[in-house]
$ cat input-v8.cif   # mmCIF, C-alpha atoms
data_run
#
loop_
_atom_site.label_atom_id
_atom_site.label_comp_id
_atom_site.auth_asym_id
_atom_site.auth_seq_id
_atom_site.Cartn_x
_atom_site.Cartn_y
_atom_site.Cartn_z
CA LEU B 607 190.60 129.99 155.30
CA ALA B 608 187.10 128.99 156.40
CA LEU B 609 185.51 131.24 153.77
CA ALA B 610 187.81 129.92 151.05
CA THR B 611 187.04 126.32 152.02
CA TYR B 612 183.31 127.04 152.02
CA ALA B 613 183.46 128.83 148.66
CA GLY B 614 185.37 125.97 147.05
CA SER B 615 183.07 123.31 148.46
CA ARG B 616 179.96 125.23 147.51
CA TRP B 617 181.18 125.81 143.95
CA PHE B 618 181.99 122.11 143.58
CA ALA B 619 178.57 121.03 144.89
CA VAL B 620 176.45 123.78 143.31
CA PRO B 621 178.03 125.42 140.25
CA ASP B 622 175.23 127.99 140.01
CA LEU B 623 176.67 131.27 141.25
CA TRP B 624 173.38 133.12 141.77
CA GLN B 625 169.84 131.90 141.28
CA ALA B 626 168.03 135.16 141.87
CA SER B 627 165.92 136.82 139.21
CA ALA B 628 164.78 140.41 139.42
CA THR B 629 161.05 141.05 139.56
CA THR B 630 160.12 143.96 137.34
CA LEU B 631 157.24 145.99 138.74
CA PRO B 632 155.70 149.39 137.95
CA ILE B 633 157.01 152.14 140.24
CA SER B 634 153.90 152.19 142.44
CA GLN B 635 154.01 148.42 142.98
CA ALA B 636 157.80 148.40 143.37
CA LEU B 637 157.59 150.94 146.20
CA GLY B 638 154.42 149.53 147.74
CA THR B 639 155.66 145.95 147.80
CA ARG B 640 159.01 146.94 149.29
CA LEU B 641 157.44 149.10 151.97
CA THR B 642 155.09 146.26 152.86
CA SER B 643 158.03 143.88 153.06
CA ILE B 644 159.85 146.28 155.39
CA GLY B 645 156.73 146.64 157.54
CA THR B 646 156.34 142.87 157.83
CA LEU B 647 159.98 142.46 158.85
CA LEU B 648 159.72 145.20 161.51
CA TRP B 649 156.55 143.60 162.86
CA ASP B 650 158.27 140.19 163.04
CA LEU B 651 161.19 141.75 164.90
CA THR B 652 158.90 143.43 167.42
CA LEU B 653 156.77 140.39 168.29
CA PRO B 654 158.37 137.66 170.46
CA LEU B 655 156.58 135.04 168.34
CA LEU B 656 157.77 132.92 165.43
CA PRO B 657 157.67 134.66 162.06
CA ALA B 658 156.15 132.85 159.11
CA LEU B 659 158.65 130.92 156.98
CA SER B 660 156.81 131.75 153.79
CA ASP B 661 158.55 134.16 151.45
CA ALA B 662 155.37 134.64 149.38
CA THR B 663 155.01 138.40 148.98
CA PRO B 664 151.70 139.84 147.76
CA ILE B 665 152.21 142.70 145.32
CA HIS B 666 151.00 146.01 146.80
CA THR B 667 150.73 149.52 145.44
CA ILE B 668 151.93 152.57 147.35
CA THR B 669 148.34 153.43 148.27
CA ASP B 670 147.59 150.08 149.95
CA PHE B 671 147.26 150.28 153.74
CA PRO B 672 150.29 148.09 154.67
CA ALA B 673 152.52 150.17 152.38
CA TRP B 674 151.51 153.68 153.36
CA ILE B 675 151.28 152.94 157.09
CA THR B 676 154.86 151.64 156.95
CA GLY B 677 155.92 154.71 155.00
CA VAL B 678 154.26 157.11 157.46
CA PHE B 679 155.69 155.25 160.46
CA SER B 680 159.21 155.26 159.00
CA LEU B 681 158.95 158.96 158.17
CA VAL B 682 157.75 159.93 161.66
CA VAL B 683 160.42 157.84 163.37
CA GLY B 684 163.11 159.17 161.04
CA ILE B 685 162.20 162.83 161.63
CA THR B 686 162.00 162.27 165.39
CA VAL B 687 165.36 160.54 165.61
CA ILE B 688 167.11 163.09 163.37
CA SER B 689 165.79 165.89 165.57
CA LEU B 690 167.55 164.26 168.53
CA GLY B 691 170.90 164.74 166.83
CA LYS B 692 173.49 162.29 165.54
CA ASN B 693 175.13 162.03 168.98
CA SER B 694 171.96 160.56 170.43
CA PRO B 695 172.10 156.78 171.07
CA TRP B 696 168.62 156.53 169.54
CA PHE B 697 169.99 157.98 166.30
CA ARG B 698 172.72 155.33 166.24
CA VAL B 699 170.30 152.50 166.93
CA MET B 700 167.87 153.62 164.23
CA LEU B 701 170.74 154.08 161.77
CA PHE B 702 171.82 150.53 162.55
CA VAL B 703 168.26 149.29 161.99
CA ALA B 704 168.03 151.12 158.66
CA ILE B 705 171.25 149.47 157.45
CA ALA B 706 170.39 146.04 158.89
CA ILE B 707 166.97 145.77 157.23
CA ALA B 708 168.24 147.00 153.85
CA PRO B 709 168.13 143.45 152.35
CA ALA B 710 164.33 143.58 152.75
CA LEU B 711 164.27 146.37 150.15
CA ASN B 712 165.46 143.82 147.59
CA LEU B 713 167.52 146.42 145.76
CA VAL B 714 169.99 143.67 144.86
CA PRO B 715 167.95 140.74 143.47
CA LEU B 716 167.92 137.94 146.02
CA PRO B 717 166.53 134.40 145.68
CA ARG B 718 163.61 135.33 147.94
CA PHE B 719 161.96 138.76 147.80
CA ARG B 720 161.42 138.69 151.55
CA SER B 721 162.37 136.27 154.29
CA PRO B 722 162.62 136.26 158.10
CA HIS B 723 166.31 135.55 157.55
CA TYR B 724 166.75 139.13 156.41
CA GLY B 725 166.05 140.23 159.99
CA TYR B 726 168.91 138.33 161.62
CA LEU B 727 171.26 141.31 161.82
CA ALA B 728 168.46 143.74 162.68
CA SER B 729 167.51 141.56 165.66
CA PHE B 730 170.49 143.03 167.52
CA ALA B 731 168.58 146.30 167.53
CA ILE B 732 165.97 144.72 169.82
CA GLY B 733 168.64 144.31 172.49
CA MET B 734 169.94 147.83 171.88
CA THR B 735 166.43 149.26 172.20
CA ALA B 736 165.77 147.30 175.39
CA GLY B 737 168.98 148.72 176.85
CA LEU B 738 167.94 152.29 176.03
CA ILE B 739 164.46 151.74 177.46
CA LEU B 740 165.98 150.41 180.69
CA GLN B 741 168.16 153.50 180.92
CA ILE B 742 165.07 155.70 180.63
CA ALA B 743 163.26 153.54 183.21
CA ARG B 744 165.92 154.33 185.82
CA GLU B 745 164.75 157.95 185.86
CA GLN B 746 161.09 157.02 186.38
CA THR B 747 159.14 156.26 189.53
CA SER B 748 159.47 152.84 191.12
CA ALA B 749 156.11 151.61 189.76
CA ILE B 750 156.86 152.67 186.19
CA ARG B 751 160.39 151.29 186.36
CA THR B 752 159.13 147.94 187.64
CA SER B 753 156.42 147.78 184.94
CA ILE B 754 158.97 148.43 182.18
CA GLN B 755 161.42 145.87 183.55
CA LEU B 756 158.67 143.28 183.96
CA SER B 757 157.44 143.89 180.40
CA ILE B 758 160.92 143.29 179.01
CA VAL B 759 161.32 140.12 181.07
CA ILE B 760 157.96 138.79 179.82
CA TRP B 761 158.95 139.57 176.22
CA ILE B 762 162.22 137.65 176.66
CA VAL B 763 160.54 134.65 178.32
CA VAL B 764 157.94 134.40 175.54
CA ALA B 765 160.68 134.70 172.90
CA ILE B 766 162.73 131.97 174.60
CA GLY B 767 159.70 129.68 174.79
CA THR B 768 158.66 130.08 171.17
CA THR B 769 162.24 129.68 169.96
CA ALA B 770 162.78 126.50 171.98
CA ALA B 771 159.45 125.03 170.84
CA ALA B 772 160.26 125.83 167.23
CA GLY B 773 163.28 123.55 167.28
CA PHE B 774 161.06 120.47 167.22
CA ARG B 775 159.70 121.51 163.82
CA PHE B 776 162.99 120.43 162.28
CA SER B 777 162.27 116.74 162.91
CA ASN B 778 161.37 116.37 159.24
CA ASP B 779 160.20 118.43 156.29
CA HIS B 780 156.56 117.47 156.79
CA ILE B 781 156.43 118.90 160.30
CA LEU B 782 158.39 121.97 159.22
CA PHE B 783 156.47 122.88 156.08
CA ALA B 784 152.96 121.37 156.32
CA SER B 785 151.72 123.98 158.80
CA GLU B 786 153.41 126.77 156.83
CA VAL B 787 151.74 125.93 153.51
CA ALA B 788 148.42 125.53 155.36
CA ARG B 789 148.91 129.05 156.69
CA ASP B 790 150.04 130.41 153.32
CA PRO B 791 149.15 128.27 150.26
CA GLU B 792 151.30 130.60 148.12
CA PHE B 793 154.45 129.32 149.86
CA ARG B 794 155.76 127.57 146.74
CA GLU B 795 159.09 126.52 148.24
CA GLY B 796 157.24 124.89 151.13
CA HIS B 797 155.18 122.86 148.64
CA TYR B 798 158.41 121.87 146.89
CA TYR B 799 160.00 120.46 150.04
CA LEU B 800 156.80 118.64 150.92
CA GLY B 801 156.97 117.10 147.46
CA LEU B 802 160.49 115.85 148.20
CA TYR B 803 159.31 114.42 151.52
CA PHE B 804 156.31 112.57 150.06
CA LYS B 805 158.40 111.32 147.12
CA LYS B 806 160.94 109.78 149.50
CA GLN B 807 158.07 108.23 151.46
CA GLY B 808 156.71 106.66 148.26
CA ASN B 809 153.46 108.62 148.44
CA LEU B 810 153.45 109.68 144.80
CA ASN B 811 149.93 111.10 144.81
CA ARG B 812 150.73 113.53 147.64
CA ALA B 813 154.08 114.31 146.03
CA THR B 814 152.32 115.11 142.76
CA GLU B 815 149.94 117.48 144.54
CA SER B 816 152.81 119.26 146.26
CA TYR B 817 154.95 119.61 143.14
CA SER B 818 151.97 120.84 141.14
CA ALA B 819 151.29 123.48 143.82
CA ALA B 820 154.96 124.46 143.77
CA LEU B 821 154.81 125.01 140.00
CA HIS B 822 151.62 127.06 140.17
CA GLU B 823 152.32 130.76 139.60
CA ASN B 824 150.16 133.53 141.03
CA PRO B 825 150.69 136.77 139.07
CA ASN B 826 149.77 138.80 142.15
CA THR B 827 152.38 137.20 144.41
CA ILE B 828 156.18 136.99 144.33
CA ALA B 829 157.37 133.61 145.62
CA TYR B 830 160.62 131.73 145.07
CA VAL B 831 160.90 128.08 144.12
CA ASP B 832 163.39 126.02 142.17
CA ALA B 833 160.79 125.41 139.47
CA ARG B 834 163.21 123.52 137.27
CA SER B 835 163.99 120.98 139.99
CA ALA B 836 160.28 120.66 140.83
CA ALA B 837 159.47 120.00 137.17
CA ILE B 838 162.20 117.36 136.89
CA ASN B 839 160.97 115.54 140.00
CA LEU B 840 157.35 115.71 138.87
CA ALA B 841 158.39 114.39 135.45
CA GLU B 842 160.01 111.40 137.14
CA ILE B 843 156.76 110.69 138.97
CA ARG B 844 154.71 111.06 135.78
CA LEU B 845 157.00 108.57 134.06
CA THR B 846 156.52 106.13 136.94
CA GLN B 847 152.77 106.61 136.52
CA ASN B 848 153.10 105.69 132.82
CA ARG B 849 152.34 109.21 131.62
CA PRO B 850 155.38 109.81 129.39
CA ASP B 851 153.90 112.66 127.37
CA GLU B 852 153.36 114.75 130.49
CA ALA B 853 156.86 113.89 131.66
CA GLU B 854 158.30 115.02 128.33
CA ASN B 855 156.41 118.32 128.45
CA LEU B 856 157.67 119.01 131.97
CA LEU B 857 161.27 118.26 131.02
CA ALA B 858 161.06 120.33 127.85
CA ALA B 859 159.93 123.30 129.93
CA ALA B 860 162.68 122.66 132.50
CA ALA B 861 165.33 122.61 129.76
CA ASN B 862 164.52 126.18 128.73
CA GLY B 863 167.36 128.37 130.01
CA ALA B 864 168.90 125.62 132.15
CA PRO B 865 172.65 125.82 132.91
CA GLU B 866 174.75 123.35 130.92
CA TYR B 867 175.21 120.69 133.59
CA ARG B 868 171.46 120.57 134.30
CA ALA B 869 170.53 120.82 130.63
CA LEU B 870 172.55 117.66 129.93
CA LEU B 871 170.77 115.77 132.71
CA ILE B 872 167.40 116.91 131.42
CA THR B 873 168.33 115.89 127.87
CA TYR B 874 169.34 112.43 129.06
CA ASN B 875 166.05 112.02 130.94
CA ARG B 876 164.10 113.07 127.84
CA ALA B 877 166.06 110.51 125.83
CA LEU B 878 165.15 107.80 128.36
CA ILE B 879 161.48 108.63 127.88
CA ALA B 880 161.85 108.47 124.10
CA ALA B 881 163.67 105.13 124.39
CA GLN B 882 160.85 103.67 126.50
CA GLN B 883 158.42 104.75 123.79
CA GLY B 884 160.55 103.14 121.09
CA LYS B 885 161.32 106.50 119.46
CA HIS B 886 164.91 105.70 118.48
CA GLU B 887 165.28 108.62 116.07
CA ARG B 888 164.21 110.96 118.87
CA VAL B 889 166.88 109.45 121.15
CA VAL B 890 169.54 110.08 118.52
CA THR B 891 168.36 113.64 117.95
CA LEU B 892 168.59 114.41 121.66
CA LEU B 893 171.89 112.72 122.46
CA ALA B 894 173.98 112.99 119.27
CA ASN B 895 174.44 116.76 119.47
CA PRO B 896 178.23 117.33 119.02
CA THR B 897 178.16 120.17 121.57
CA HIS B 898 177.17 117.81 124.38
CA GLN B 899 180.13 117.02 126.63
CA TRP B 900 178.99 113.88 128.42
CA LYS B 901 180.81 113.16 131.68
CA ARG B 902 178.99 109.90 132.36
CA PRO B 903 178.75 106.84 130.11
CA GLU B 904 174.98 106.24 130.31
CA PRO B 905 173.94 108.77 127.62
CA LEU B 906 176.53 107.42 125.19
CA LEU B 907 175.47 103.82 125.84
CA LEU B 908 171.82 104.79 125.32
CA LEU B 909 172.77 106.55 122.10
CA ALA B 910 174.65 103.47 120.89
CA ARG B 911 171.62 101.27 121.61
CA ALA B 912 169.31 103.61 119.66
CA LEU B 913 171.71 103.75 116.72
CA GLY B 914 171.97 99.96 116.75
CA ASN B 915 168.18 99.64 116.67
CA LEU B 916 168.17 101.91 113.63
CA GLY B 917 170.81 99.78 111.90
CA ARG B 918 173.44 102.54 112.03
CA THR B 919 176.12 100.20 113.35
CA LYS B 920 179.19 102.31 112.54
CA GLU B 921 177.79 105.28 114.42
CA ALA B 922 176.83 102.98 117.30
CA ALA B 923 180.42 101.73 117.49
CA THR B 924 181.67 105.34 117.53
CA ALA B 925 179.37 106.17 120.45
CA LEU B 926 180.61 103.10 122.33
CA ARG B 927 184.22 104.11 121.68
CA LYS B 928 183.54 107.57 123.17
CA SER B 929 182.17 105.96 126.32
CA LEU B 930 185.30 103.92 127.04
CA PRO B 931 187.21 106.59 129.04
CA LEU B 932 184.18 106.89 131.33
CA LEU B 933 183.92 103.16 132.14
CA ASN B 934 185.62 100.92 134.69
CA ASP B 935 187.72 97.94 133.58
CA ALA B 936 184.91 95.39 133.73
CA GLN B 937 182.60 97.64 131.73
CA LYS B 938 185.32 98.32 129.18
CA GLN B 939 185.73 94.59 128.52
CA LYS B 940 182.00 94.21 127.88
CA VAL B 941 181.96 97.23 125.55
CA HIS B 942 185.00 95.94 123.63
CA ILE B 943 183.22 92.61 123.06
CA LEU B 944 180.08 94.45 121.94
CA MET B 945 182.10 96.65 119.56
CA ARG B 946 183.72 93.60 117.96
CA GLN B 947 180.27 92.05 117.46
CA ILE B 948 178.99 95.26 115.86
CA GLU B 949 182.00 95.69 113.58
CA GLN B 950 181.70 92.13 112.33
#
$ encode --input "input-v8.cif" --output "structure tokens"
Amino acid sequence: LALATYAGSRWFAVPDLWQASATTLPISQALGTRLTSIGTLLWDLTLPLLPALSDATPIHTITDFPAWITGVFSLVVGITVISLGKNSPWFRVMLFVAIAIAPALNLVPLPRFRSPHYGYLASFAIGMTAGLILQIAREQTSAIRTSIQLSIVIWIVVAIGTTAAAGFRFSNDHILFASEVARDPEFREGHYYLGLYFKKQGNLNRATESYSAALHENPNTIAYVDARSAAINLAEIRLTQNRPDEAENLLAAAANGAPEYRALLITYNRALIAAQQGKHERVVTLLANPTHQWKRPEPLLLLARALGNLGRTKEAATALRKSLPLLNDAQKQKVHILMRQIEQ
């Protein structure tokens, strides 16, 4: 029931089913980048410190050091564990780890090529490994046993401390993402959320910088960002700054391949820009497409105004008539009066 409720609510709020896009790489880079991603995740799991939030993944070849060292390490561990036999608890733990970190291979295209979130399930293996190490420690001398137990306790205390301290980063998006983008400027999604933060604060110059950084693509790095949303927000800022041509270019790029519900919003915003520039024919071209299924009255009212300015009164009245089912009673009365004036 909980899953069904979530799925229905999510579909209602965000109609996009899947926003991932596969990254096509040559075989050497495909293997090298995935091995590096696995190595980074294993390193994050081992250290009791906070992993980086950035999903920016530099593209590596199979011969790059991070890739081949991960490959050699995985091979050695795999051979060692298999030699112990499938009844060994170490075999079971390593099999669990191999399954748990599979998302980091990005075999199924995910929104982010790598992320610390992909290590959530694999983190259970840390506890399993600690348990096995403690079992081995029981058979050792008192000094060795104490050293192992103390090491595990220190690891846990450090992990608790860093986790507790990290909670304060969620005070706002600036605290959460500013340090992350300073650490990794290729963290495009971090720049995007900083743009949202500065935009809400009214700091349009900083918001512009952040959105521009979010839209910057590095061909040597894989990084996720909702580029369409960033472009729309930056276009709004450019329009506020009286730079309508830049706003139009951003929206035109955002419209390319957009799902229907977002394409309609983008089209309406482009029509608003054209209306502000007095380009009434452009407004009609954008909004009068018969395939557009408007679910709000504003586009139809804007279309009617543009048609009226062009002297095409009958078409303006038709647009107003189409808007009636989308209006409340007070608005309908005003539109009826306007229609009578037009038809006279």
$ closest_atom_pairs --input "input-v8.cif" --of "stretch 775-836 of chain B" --to "stretch 653-660 of chain B" --cutoff "12 Å" --atoms "all atoms listed in the file" --output "CSV"
residue,atom,partner,partner_atom,distance
B:Arg775,CA,B:Leu659,CA,11.7
B:Leu782,CA,B:Leu659,CA,9.2
B:Phe783,CA,B:Leu659,CA,8.4
B:Ala784,CA,B:Leu659,CA,11.1
B:Ser785,CA,B:Ala658,CA,9.9
B:Glu786,CA,B:Leu659,CA,6.7
B:Val787,CA,B:Ser660,CA,7.7
B:Ala788,CA,B:Ser660,CA,10.6
B:Arg789,CA,B:Ala658,CA,8.5
B:Asp790,CA,B:Ser660,CA,6.9
B:Pro791,CA,B:Ser660,CA,9.1
B:Glu792,CA,B:Ser660,CA,8.0
B:Phe793,CA,B:Ser660,CA,5.2
B:Arg794,CA,B:Ser660,CA,8.3
B:Glu795,CA,B:Ser660,CA,8.0
B:Gly796,CA,B:Ser660,CA,7.4
B:His797,CA,B:Ser660,CA,10.4
B:Thr827,CA,B:Ser660,CA,11.7
B:Ile828,CA,B:Ser660,CA,10.8
B:Ala829,CA,B:Ser660,CA,8.4
B:Tyr830,CA,B:Ser660,CA,9.5
B:Val831,CA,B:Ser660,CA,11.1
$ resolve_selection --input "input-v8.cif" --expression "the PyMOL selection byres ((chain B and resi 668-683) around 7)" --output "list of chain:residue names"
B:Ser634, B:Gln635, B:Leu637, B:Gly638, B:Thr639, B:Leu641, B:Thr642, B:Gly645, B:His666, B:Thr667, B:Gly684, B:Ile685, B:Thr686, B:Val687
$ write_last_selection --input "input-v8.cif" --atoms "C-alpha atoms" --output "PDB file, in the frame of the given file"
ATOM      1  CA  SER B 634     153.900 152.190 142.440  1.00  0.00           C
ATOM      2  CA  GLN B 635     154.010 148.420 142.980  1.00  0.00           C
ATOM      3  CA  LEU B 637     157.590 150.940 146.200  1.00  0.00           C
ATOM      4  CA  GLY B 638     154.420 149.530 147.740  1.00  0.00           C
ATOM      5  CA  THR B 639     155.660 145.950 147.800  1.00  0.00           C
ATOM      6  CA  LEU B 641     157.440 149.100 151.970  1.00  0.00           C
ATOM      7  CA  THR B 642     155.090 146.260 152.860  1.00  0.00           C
ATOM      8  CA  GLY B 645     156.730 146.640 157.540  1.00  0.00           C
ATOM      9  CA  HIS B 666     151.000 146.010 146.800  1.00  0.00           C
ATOM     10  CA  THR B 667     150.730 149.520 145.440  1.00  0.00           C
ATOM     11  CA  GLY B 684     163.110 159.170 161.040  1.00  0.00           C
ATOM     12  CA  ILE B 685     162.200 162.830 161.630  1.00  0.00           C
ATOM     13  CA  THR B 686     162.000 162.270 165.390  1.00  0.00           C
ATOM     14  CA  VAL B 687     165.360 160.540 165.610  1.00  0.00           C
TER      15      VAL B 687
END
$ residues_around --input "input-v8.cif" --residues "stretch 806-817 of chain B" --least-positions-apart "3" --cutoff "8 Å" --atoms "all atoms listed in the file" --output "list of chain:residue names"
B:His797, B:Tyr798, B:Leu800, B:Gly801, B:Leu802, B:Tyr803, B:Ala820, B:Leu821, B:Ala836, B:Ala837, B:Asn839, B:Leu840, B:Ile843
$ atom_distance --input "input-v8.cif" --atom1 "atom CA of B:Thr652" --atom2 "atom CA of B:Ala770"
18.0 Å
$ residues_around --input "input-v8.cif" --residues "B:Ser643" --least-positions-apart "4" --cutoff "8 Å" --atoms "all atoms listed in the file" --output "PyMOL selection string"
chain B and resi 639+647+663+710-711+720
$ resolve_selection --input "input-v8.cif" --expression "the PyMOL selection byres ((chain B and resi 734) around 12)" --output "mmCIF file with C-alpha atoms, in the coordinates of the input"
data_model
loop_
_atom_site.group_PDB
_atom_site.id
_atom_site.type_symbol
_atom_site.label_atom_id
_atom_site.label_comp_id
_atom_site.auth_asym_id
_atom_site.auth_seq_id
_atom_site.Cartn_x
_atom_site.Cartn_y
_atom_site.Cartn_z
ATOM 1 C CA PRO B 695 172.100 156.780 171.070
ATOM 2 C CA TRP B 696 168.620 156.530 169.540
ATOM 3 C CA PHE B 697 169.990 157.980 166.300
ATOM 4 C CA ARG B 698 172.720 155.330 166.240
ATOM 5 C CA VAL B 699 170.300 152.500 166.930
ATOM 6 C CA MET B 700 167.870 153.620 164.230
ATOM 7 C CA LEU B 701 170.740 154.080 161.770
ATOM 8 C CA PHE B 702 171.820 150.530 162.550
ATOM 9 C CA VAL B 703 168.260 149.290 161.990
ATOM 10 C CA ALA B 728 168.460 143.740 162.680
ATOM 11 C CA SER B 729 167.510 141.560 165.660
ATOM 12 C CA PHE B 730 170.490 143.030 167.520
ATOM 13 C CA ALA B 731 168.580 146.300 167.530
ATOM 14 C CA ILE B 732 165.970 144.720 169.820
ATOM 15 C CA GLY B 733 168.640 144.310 172.490
ATOM 16 C CA THR B 735 166.430 149.260 172.200
ATOM 17 C CA ALA B 736 165.770 147.300 175.390
ATOM 18 C CA GLY B 737 168.980 148.720 176.850
ATOM 19 C CA LEU B 738 167.940 152.290 176.030
ATOM 20 C CA ILE B 739 164.460 151.740 177.460
ATOM 21 C CA LEU B 740 165.980 150.410 180.690
ATOM 22 C CA GLN B 741 168.160 153.500 180.920
#
$ closest_atom_pairs --input "input-v8.cif" --of "stretch 822-862 of chain B" --to "stretch 869-880 of chain B" --cutoff "8 Å" --atoms "all atoms listed in the file" --output "CSV"
residue,atom,partner,partner_atom,distance
B:Ile838,CA,B:Ile872,CA,7.6
B:Leu845,CA,B:Ile879,CA,7.6
B:Pro850,CA,B:Ile879,CA,6.4
B:Ala853,CA,B:Ile879,CA,8.0
B:Glu854,CA,B:Arg876,CA,6.1
B:Leu857,CA,B:Ile872,CA,6.3
B:Ala858,CA,B:Arg876,CA,7.9
B:Ala860,CA,B:Ile872,CA,7.5
B:Ala861,CA,B:Ala869,CA,5.6
$ atom_distance --input "input-v8.cif" --atom1 "atom CA of B:Gly917" --atom2 "atom CA of B:Ser929"
19.4 Å
$ atom_distance --input "input-v8.cif" --atom1 "atom CA of B:Thr846" --atom2 "atom CA of B:Ala925"
28.2 Å
$ axis_aligned_box --input "input-v8.cif" --around "stretch 830-841 of chain B" --padding-each-side "3 Å" --output "JSON"
{"center_x": 160.7, "center_y": 123.1, "center_z": 140.3, "size_x": 12.6, "size_y": 23.3, "size_z": 15.6}
$ residues_near_point --input "input-v8.cif" --point "(166.9, 143.8, 144.6)" --cutoff "12 Å" --atoms "all atoms listed in the file" --output "PDB file with C-alpha atoms, in the frame of the given file"
ATOM      1  CA  ALA B 626     168.030 135.160 141.870  1.00  0.00           C
ATOM      2  CA  SER B 627     165.920 136.820 139.210  1.00  0.00           C
ATOM      3  CA  ALA B 628     164.780 140.410 139.420  1.00  0.00           C
ATOM      4  CA  THR B 629     161.050 141.050 139.560  1.00  0.00           C
ATOM      5  CA  THR B 630     160.120 143.960 137.340  1.00  0.00           C
ATOM      6  CA  LEU B 631     157.240 145.990 138.740  1.00  0.00           C
ATOM      7  CA  ALA B 636     157.800 148.400 143.370  1.00  0.00           C
ATOM      8  CA  LEU B 637     157.590 150.940 146.200  1.00  0.00           C
ATOM      9  CA  THR B 639     155.660 145.950 147.800  1.00  0.00           C
ATOM     10  CA  ARG B 640     159.010 146.940 149.290  1.00  0.00           C
ATOM     11  CA  ALA B 708     168.240 147.000 153.850  1.00  0.00           C
ATOM     12  CA  PRO B 709     168.130 143.450 152.350  1.00  0.00           C
ATOM     13  CA  ALA B 710     164.330 143.580 152.750  1.00  0.00           C
ATOM     14  CA  LEU B 711     164.270 146.370 150.150  1.00  0.00           C
ATOM     15  CA  ASN B 712     165.460 143.820 147.590  1.00  0.00           C
ATOM     16  CA  LEU B 713     167.520 146.420 145.760  1.00  0.00           C
ATOM     17  CA  VAL B 714     169.990 143.670 144.860  1.00  0.00           C
ATOM     18  CA  PRO B 715     167.950 140.740 143.470  1.00  0.00           C
ATOM     19  CA  LEU B 716     167.920 137.940 146.020  1.00  0.00           C
ATOM     20  CA  PRO B 717     166.530 134.400 145.680  1.00  0.00           C
ATOM     21  CA  ARG B 718     163.610 135.330 147.940  1.00  0.00           C
ATOM     22  CA  PHE B 719     161.960 138.760 147.800  1.00  0.00           C
ATOM     23  CA  ARG B 720     161.420 138.690 151.550  1.00  0.00           C
TER      24      ARG B 720
END
$ closest_residue --input "input-v8.cif" --among "B:Ala749, B:Ala771, B:Ala704, B:Ile762" --to "B:Leu727" --atoms "all atoms listed in the file"
B:Ala704
$ residues_around --input "input-v8.cif" --residues "stretch 939-946 of chain B" --least-positions-apart "2" --cutoff "10 Å" --atoms "all atoms listed in the file" --output "JSON, numbers by chain"
{"B": [907, 919, 920, 922, 923, 924, 925, 926, 927, 929, 930, 933, 934, 935, 936, 937, 948, 949, 950]}
$ build_atoms --input "input-v8.cif" --residues "stretch 909-921 of chain B" --atoms "N, CA and C atoms" --output "tab-separated table (two decimals), in the frame of the given file"
chain	number	residue	atom	x	y	z
B	909	LEU	N	172.66	106.12	123.50
B	909	LEU	CA	172.77	106.55	122.10
B	909	LEU	C	173.20	105.38	121.21
B	910	ALA	N	174.18	104.62	121.68
B	910	ALA	CA	174.65	103.47	120.89
B	910	ALA	C	173.54	102.45	120.68
B	911	ARG	N	172.72	102.23	121.74
B	911	ARG	CA	171.62	101.27	121.61
B	911	ARG	C	170.60	101.76	120.58
B	912	ALA	N	170.27	103.06	120.62
B	912	ALA	CA	169.31	103.61	119.66
B	912	ALA	C	169.84	103.52	118.24
B	913	LEU	N	171.12	103.84	118.06
B	913	LEU	CA	171.71	103.75	116.72
B	913	LEU	C	171.72	102.31	116.23
B	914	GLY	N	171.99	101.37	117.13
B	914	GLY	CA	171.97	99.96	116.75
B	914	GLY	C	170.59	99.52	116.33
B	915	ASN	N	169.56	99.99	117.05
B	915	ASN	CA	168.18	99.64	116.67
B	915	ASN	C	167.79	100.21	115.32
B	916	LEU	N	168.45	101.30	114.93
B	916	LEU	CA	168.17	101.91	113.63
B	916	LEU	C	169.05	101.33	112.51
B	917	GLY	N	169.93	100.39	112.89
B	917	GLY	CA	170.81	99.78	111.90
B	917	GLY	C	172.02	100.63	111.55
B	918	ARG	N	172.29	101.65	112.30
B	918	ARG	CA	173.44	102.54	112.03
B	918	ARG	C	174.60	102.07	112.90
B	919	THR	N	175.16	100.89	112.51
B	919	THR	CA	176.12	100.20	113.35
B	919	THR	C	177.45	100.95	113.50
B	920	LYS	N	177.92	101.59	112.45
B	920	LYS	CA	179.19	102.31	112.54
B	920	LYS	C	179.09	103.47	113.54
B	921	GLU	N	177.99	104.17	113.48
B	921	GLU	CA	177.79	105.28	114.42
B	921	GLU	C	177.61	104.75	115.84
